[in-house]
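The next block is work16.txt, given as compact mmCIF, C-alpha atoms.
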```txt
# COMPACT_ATOMS: atom_id res chain seq x y z
CA MET A 20 6.11 -14.86 155.46
CA ARG A 21 3.97 -12.37 157.35
CA THR A 22 4.03 -9.98 154.39
CA GLN A 23 2.96 -12.80 152.06
CA LYS A 24 -0.10 -13.62 154.23
CA ILE A 25 -1.19 -9.97 154.26
CA SER A 26 -0.72 -9.78 150.52
CA ILE A 27 -2.86 -12.88 149.93
CA SER A 28 -5.62 -11.62 152.25
CA PHE A 29 -5.62 -8.27 150.47
CA PHE A 30 -5.77 -10.01 147.10
CA LEU A 31 -8.75 -12.14 148.11
CA ALA A 32 -10.61 -9.14 149.51
CA LEU A 33 -10.49 -7.40 146.13
CA ALA A 34 -12.31 -8.34 142.96
CA VAL A 35 -10.22 -10.69 140.84
CA LEU A 36 -10.56 -9.18 137.37
CA TRP A 37 -9.44 -10.23 133.92
CA SER A 38 -10.12 -8.03 130.92
CA CYS A 39 -8.86 -9.67 127.75
CA GLN A 40 -8.58 -8.11 124.30
CA LEU A 41 -8.53 -10.84 121.66
CA VAL A 42 -7.82 -10.60 117.97
CA ALA A 43 -8.34 -13.83 116.05
CA GLN A 44 -10.00 -15.26 112.98
CA ASN A 45 -10.48 -18.71 114.53
CA PRO A 46 -12.30 -19.70 117.74
CA TYR A 47 -10.25 -18.84 120.81
CA SER A 48 -10.42 -20.90 124.02
CA ARG A 49 -9.05 -20.12 127.44
CA ASP A 50 -9.46 -21.63 130.93
CA PHE A 51 -9.69 -19.76 134.24
CA ASN A 52 -9.73 -21.04 137.83
CA MET A 53 -11.54 -18.55 140.04
CA PRO A 54 -11.06 -18.93 143.83
CA LEU A 55 -13.87 -17.75 146.09
CA SER A 56 -13.41 -15.19 148.85
CA LYS A 57 -15.35 -17.46 151.24
CA PRO A 58 -14.92 -21.00 149.90
CA ASN A 59 -16.88 -22.58 152.76
CA GLU A 60 -19.98 -20.47 152.08
CA THR A 61 -22.51 -20.59 149.24
CA GLY A 62 -21.60 -18.33 146.34
CA THR A 63 -23.36 -16.87 143.31
CA LEU A 64 -22.57 -16.96 139.60
CA LYS A 65 -23.81 -14.00 137.53
CA VAL A 66 -23.50 -14.26 133.74
CA ASP A 67 -24.47 -11.61 131.18
CA LEU A 68 -23.85 -12.55 127.53
CA HIS A 69 -24.73 -10.42 124.51
CA MET A 70 -24.18 -13.25 122.01
CA GLY A 71 -23.51 -16.82 123.07
CA GLY A 72 -24.62 -19.50 125.49
CA VAL A 73 -23.60 -20.80 128.88
CA THR A 74 -23.34 -24.31 130.33
CA VAL A 75 -23.12 -24.67 134.12
CA GLU A 76 -22.30 -27.92 135.89
CA GLY A 77 -22.14 -28.60 139.62
CA TYR A 78 -19.09 -30.46 140.96
CA SER A 79 -17.49 -31.34 144.30
CA GLY A 80 -14.80 -28.62 144.30
CA LYS A 81 -14.71 -25.19 145.95
CA GLU A 82 -13.50 -23.05 143.06
CA VAL A 83 -15.32 -21.82 139.97
CA LEU A 84 -13.76 -23.30 136.83
CA ILE A 85 -14.41 -21.35 133.64
CA THR A 86 -13.78 -22.18 129.99
CA MET A 87 -14.32 -19.35 127.52
CA ILE A 88 -14.74 -20.01 123.79
CA SER A 89 -14.86 -16.90 121.60
CA GLN A 90 -15.66 -16.64 117.93
CA PRO A 91 -14.97 -13.25 116.30
CA ASP A 92 -17.82 -11.51 114.53
CA GLU A 93 -17.62 -12.45 110.87
CA ASP A 94 -20.64 -10.43 109.77
CA GLY A 95 -19.83 -8.34 106.79
CA GLU A 96 -16.60 -10.09 105.82
CA GLU A 97 -18.07 -10.87 102.44
CA ASP A 98 -18.49 -7.10 101.99
CA SER A 99 -14.98 -6.22 103.15
CA ASP A 100 -14.08 -4.81 99.73
CA ARG A 101 -17.02 -2.44 99.78
CA SER A 102 -15.88 1.12 100.20
CA LYS A 103 -17.60 3.94 102.02
CA GLU A 104 -16.96 7.32 100.50
CA GLY A 105 -13.81 5.96 98.94
CA LEU A 106 -12.55 4.39 102.20
CA LYS A 107 -11.87 0.68 102.40
CA ARG A 108 -13.31 -1.26 105.33
CA ILE A 109 -10.84 -2.88 107.73
CA PRO A 110 -12.38 -6.00 109.36
CA ASN A 111 -12.81 -5.52 113.11
CA SER A 112 -12.57 -8.91 114.81
CA SER A 113 -11.44 -7.81 118.26
CA MET A 114 -13.36 -8.99 121.32
CA ASP A 115 -13.33 -8.33 125.03
CA PHE A 116 -14.83 -10.05 128.05
CA GLU A 117 -14.65 -9.75 131.82
CA ILE A 118 -14.46 -12.30 134.61
CA ALA A 119 -14.43 -11.07 138.20
CA GLU A 120 -14.97 -12.30 141.77
CA GLU A 121 -16.01 -10.18 144.71
CA ASN A 122 -17.41 -11.30 148.06
CA ASN A 123 -18.25 -14.82 146.79
CA VAL A 124 -19.99 -13.52 143.67
CA VAL A 125 -18.42 -14.49 140.35
CA TYR A 126 -19.25 -12.20 137.42
CA ILE A 127 -18.91 -13.12 133.74
CA LYS A 128 -19.64 -10.55 131.05
CA GLY A 129 -19.36 -11.53 127.40
CA SER A 130 -18.25 -9.60 124.36
CA HIS A 131 -20.54 -7.44 122.22
CA LYS A 132 -18.31 -8.22 119.23
CA GLY A 133 -18.61 -11.84 118.16
CA ARG A 134 -19.98 -14.92 119.85
CA THR A 135 -18.66 -15.92 123.27
CA ASP A 136 -19.70 -19.19 124.94
CA PHE A 137 -18.84 -20.21 128.49
CA LYS A 138 -18.62 -23.57 130.22
CA VAL A 139 -18.56 -23.20 133.99
CA LYS A 140 -18.18 -25.63 136.87
CA VAL A 141 -19.42 -24.43 140.26
CA PRO A 142 -19.79 -26.06 143.69
CA ARG A 143 -23.03 -28.05 143.76
CA GLN A 144 -24.54 -25.69 146.37
CA PHE A 145 -24.51 -22.43 144.40
CA SER A 146 -26.91 -19.74 143.24
CA LEU A 147 -27.15 -18.73 139.58
CA ASP A 148 -28.23 -15.55 137.79
CA LEU A 149 -27.83 -16.23 134.06
CA SER A 150 -28.75 -13.87 131.22
CA THR A 151 -28.27 -14.33 127.46
CA HIS A 152 -29.54 -12.09 124.69
CA HIS A 153 -28.81 -13.43 121.17
CA ASP A 154 -28.43 -17.07 120.12
CA GLY A 155 -27.85 -18.08 123.72
CA GLU A 156 -28.83 -21.54 124.93
CA VAL A 157 -28.58 -22.15 128.70
CA LYS A 158 -27.83 -25.57 130.20
CA VAL A 159 -27.52 -26.31 133.92
CA THR A 160 -26.92 -29.68 135.60
CA ASP A 161 -26.45 -30.81 139.21
CA VAL A 162 -26.78 -27.43 140.95
CA THR A 163 -28.90 -26.58 144.01
CA GLY A 164 -29.66 -22.98 144.97
CA GLU A 165 -31.61 -19.92 143.87
CA ILE A 166 -31.59 -20.12 140.07
CA GLU A 167 -32.71 -17.31 137.76
CA VAL A 168 -32.41 -17.65 133.98
CA ASP A 169 -33.31 -15.06 131.33
CA ALA A 170 -32.59 -16.23 127.77
CA HIS A 171 -34.16 -13.80 125.32
CA HIS A 172 -33.41 -15.68 122.07
CA GLY A 173 -32.69 -19.23 123.17
CA GLY A 174 -34.03 -22.17 125.07
CA MET A 175 -32.94 -23.54 128.41
CA GLU A 176 -32.45 -26.99 129.90
CA LEU A 177 -32.02 -27.40 133.66
CA ILE A 178 -31.45 -31.00 134.70
CA ASN A 179 -31.20 -32.42 138.24
CA VAL A 180 -31.44 -28.99 139.85
CA GLY A 181 -32.67 -28.19 143.35
CA GLY A 182 -33.92 -25.15 145.24
CA THR A 183 -35.94 -22.56 143.34
CA VAL A 184 -36.12 -21.52 139.68
CA VAL A 185 -37.37 -18.42 137.90
CA ALA A 186 -37.03 -18.92 134.13
CA ASP A 187 -37.98 -16.59 131.28
CA THR A 188 -37.33 -16.62 127.53
CA HIS A 189 -39.01 -15.19 124.45
CA HIS A 190 -37.95 -17.70 121.77
CA GLY A 191 -37.27 -21.18 123.07
CA ASP A 192 -38.38 -24.14 125.17
CA ILE A 193 -38.01 -24.29 128.94
CA THR A 194 -37.14 -27.76 130.28
CA VAL A 195 -36.52 -28.22 134.01
CA SER A 196 -36.12 -31.42 136.03
CA PHE A 197 -35.99 -30.94 139.80
CA SER A 198 -34.15 -33.25 142.17
CA SER A 199 -35.64 -31.29 145.09
CA ILE A 200 -37.39 -27.99 145.70
CA LYS A 201 -37.25 -25.42 148.48
CA SER A 202 -40.62 -25.49 150.23
CA GLY A 203 -42.71 -22.37 150.66
CA VAL A 204 -41.11 -20.37 147.83
CA PRO A 205 -42.96 -19.34 144.62
CA MET A 206 -41.51 -20.06 141.17
CA ALA A 207 -42.23 -18.92 137.60
CA PHE A 208 -41.62 -20.32 134.10
CA SER A 209 -42.47 -18.16 131.10
CA THR A 210 -41.87 -18.27 127.33
CA TYR A 211 -43.61 -16.81 124.28
CA HIS A 212 -42.58 -19.24 121.51
CA GLY A 213 -41.96 -22.66 123.03
CA ASP A 214 -43.02 -25.41 125.40
CA VAL A 215 -42.74 -25.33 129.18
CA ASP A 216 -41.81 -28.84 130.36
CA ILE A 217 -41.25 -29.18 134.12
CA THR A 218 -40.64 -32.30 136.21
CA PHE A 219 -41.29 -32.03 139.96
CA PRO A 220 -40.71 -34.49 142.83
CA GLY A 221 -43.84 -36.50 143.56
CA ASN A 222 -44.22 -34.98 147.06
CA THR A 223 -44.42 -31.39 145.79
CA ASN A 224 -47.06 -29.13 147.39
CA ALA A 225 -47.95 -26.05 145.36
CA THR A 226 -50.69 -24.03 143.70
CA MET A 227 -50.32 -24.12 139.93
CA LYS A 228 -51.20 -21.03 137.88
CA MET A 229 -51.18 -21.91 134.18
CA LYS A 230 -51.89 -20.22 130.85
CA SER A 231 -51.25 -21.40 127.27
CA ASP A 232 -52.91 -19.11 124.73
CA LYS A 233 -52.41 -21.36 121.68
CA GLY A 234 -51.42 -24.68 123.21
CA ASP A 235 -52.51 -27.39 125.62
CA ILE A 236 -51.71 -28.42 129.18
CA TYR A 237 -50.61 -31.97 130.02
CA THR A 238 -49.82 -33.58 133.38
CA ASP A 239 -49.59 -36.90 135.19
CA PHE A 240 -50.29 -35.25 138.56
CA ASP A 241 -53.69 -35.94 140.08
CA LEU A 242 -55.25 -32.51 139.86
CA THR A 243 -58.51 -30.83 138.92
CA ALA A 244 -58.25 -27.58 137.03
CA ASN A 245 -60.40 -24.59 137.93
CA ARG A 246 -61.48 -23.05 134.64
CA PRO A 247 -61.51 -19.29 133.95
CA GLU A 248 -64.50 -17.35 135.16
CA THR A 249 -66.52 -15.44 132.57
CA ARG A 250 -69.62 -13.29 132.46
CA LEU A 251 -71.80 -11.72 129.77
CA GLU A 252 -72.38 -8.01 129.60
CA ASN A 253 -75.36 -6.86 127.54
CA THR A 254 -74.59 -4.00 125.19
CA GLY A 255 -77.73 -3.55 123.10
CA ASP A 256 -78.31 -6.38 120.66
CA ASN A 257 -74.72 -7.64 120.89
CA PRO A 258 -73.84 -9.19 124.25
CA LYS A 259 -70.17 -8.68 125.03
CA LYS A 260 -68.22 -11.50 126.62
CA ILE A 261 -65.96 -10.37 129.44
CA GLU A 262 -63.30 -12.82 130.56
CA ILE A 263 -62.35 -12.17 134.15
CA SER A 264 -59.39 -14.52 134.20
CA SER A 265 -57.60 -16.46 131.47
CA TRP A 266 -55.55 -18.42 133.99
CA ILE A 267 -56.18 -21.98 135.11
CA TYR A 268 -55.51 -22.77 138.77
CA SER A 269 -54.99 -26.12 140.45
CA ASN A 270 -53.34 -27.56 143.54
CA ILE A 271 -50.90 -30.43 143.64
CA GLY A 272 -50.40 -32.20 146.93
CA ASN A 273 -51.73 -30.03 149.73
CA GLY A 274 -51.32 -26.80 147.79
CA GLY A 275 -48.80 -24.17 148.72
CA PRO A 276 -46.75 -21.40 147.10
CA GLU A 277 -47.77 -20.29 143.63
CA PHE A 278 -45.93 -21.81 140.66
CA MET A 279 -46.69 -19.87 137.46
CA PHE A 280 -46.43 -21.38 133.95
CA THR A 281 -47.16 -19.40 130.81
CA THR A 282 -46.59 -19.70 127.06
CA HIS A 283 -48.26 -18.12 124.04
CA HIS A 284 -47.25 -20.54 121.25
CA GLY A 285 -46.59 -23.86 122.97
CA ASP A 286 -47.71 -26.49 125.44
CA ILE A 287 -47.32 -26.76 129.20
CA ILE A 288 -46.21 -30.19 130.44
CA LEU A 289 -46.07 -30.91 134.18
CA ARG A 290 -44.49 -34.24 135.09
CA LYS A 291 -44.27 -36.16 138.36
CA LYS A 292 -40.90 -37.68 139.18
```
Will you turn the file into structure tokens for me?
Amino acid sequence: MRTQKISISFFLALAVLWSCQLVAQNPYSRDFNMPLSKPNETGTLKVDLHMGGVTVEGYSGKEVLITMISQPDEDGEEDSDRSKEGLKRIPNSSMDFEIAEENNVVYIKGSHKGRTDFKVKVPRQFSLDLSTHHDGEVKVTDVTGEIEVDAHHGGMELINVGGTVVADTHHGDITVSFSSIKSGVPMAFSTYHGDVDITFPGNTNATMKMKSDKGDIYTDFDLTANRPETRLENTGDNPKKIEISSWIYSNIGNGGPEFMFTTHHGDIILRKK
């Protein structure tokens, strides 16, 4: 019995690692239950996906529950009979992914060959660091903690989240609905092609920094926007307009940490809950 306890302690102290090689023509699904090294402390989920999306849901348990759904890369199958210098192409549909836990941090790394989606359940008090690159939507519900999301080609929807959020994408909308926020901490929401739609608790105190190059700003908060400052610089017969700042600033509540919102092609919508 003593040997078994030492063995379990040693096992929990190490990273729990799965590396799976999959060969399939149809979607492949597998479930994993990942125990935490310190189940009574707040953990962190870190996800890095090359192609695919991630859905994270908070629940009342103390483990991280993971469902992986992989779809082999089918690009080029229609050209499988094409030869290269007389050699026939053999379709390569293998995939690999990694799931690991170390010191209360759970790591998920997706395959570079084919689409891999993940559905994850985490304790409701948990921090998230989520990154997707291609065709990767991000959805989060019922989680409170430090949340960072980077979805390069995909939108994100964060519903009933608490704590702090830093969200960035290039192609996609950003939608966030806060149940609560951590006071005194700055946040940022940025996209290039898409809307930024954020719902805050009515008692939020913050300084809003906003910029929409080709869109509008809407809100039901009681605020007065400070417009950009400009000046004219005379250069011969053609005065040159110099814009000092293209940002719009405004306080909600009593003011406070800076919340930044920016989009190039889209609107900014700030809602009061």
Subject >> Separation of CA of Lys292 in chain A from CA of Tyr211 in chain A, in Å and rounded to one decimal >> reply: 25.8 Å
Can you tell me, as a short mmCIF file (atom, residue, chain, number, x, y, z; two decimals) with C-alpha atoms, in the frame of the given file, what residues are no more than 7 Å from His212 in chain A when counting all atoms listed in the file, ignoring any on the same chain fewer than 6 positions away?
```cif
data_model
loop_
_atom_site.label_atom_id
_atom_site.label_comp_id
_atom_site.auth_asym_id
_atom_site.auth_seq_id
_atom_site.Cartn_x
_atom_site.Cartn_y
_atom_site.Cartn_z
CA HIS A 189 -39.01 -15.19 124.45
CA HIS A 190 -37.95 -17.70 121.77
CA GLY A 191 -37.27 -21.18 123.07
CA THR A 282 -46.59 -19.70 127.06
CA HIS A 283 -48.26 -18.12 124.04
CA HIS A 284 -47.25 -20.54 121.25
CA GLY A 285 -46.59 -23.86 122.97
#
```
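Pairwise distance (CA of Val168 in chain A, CA of Asn273 in chain A) equals 27.8 Å.
Counting from CA of Thr63 in chain A, the distance to CA of Leu147 in chain A is 5.6 Å.
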**OP:** Counting only C-alpha atoms, note down every residue that has an atom within 9 Å of the point (-47.0, -21.6, 126.0) (file coordinates), as a PyMOL selection string.
**Re:** chain A and resi 209-215+230-236+280-287
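Nearest to Pro54 in chain A of all the residues A:Glu117, A:His69, A:Ser89, A:Val125 is A:Val125, counting all atoms listed in the file.
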**OP:** For Ile271 in chain A, list every protein, DNA or RNA residue within 10 Å, evaluated using all atoms listed in the file, and leave out those in the same chain fewer than 6 positions away; present the list as an NGL selection string.
**Re:** :A and (221-227 or 240-243)
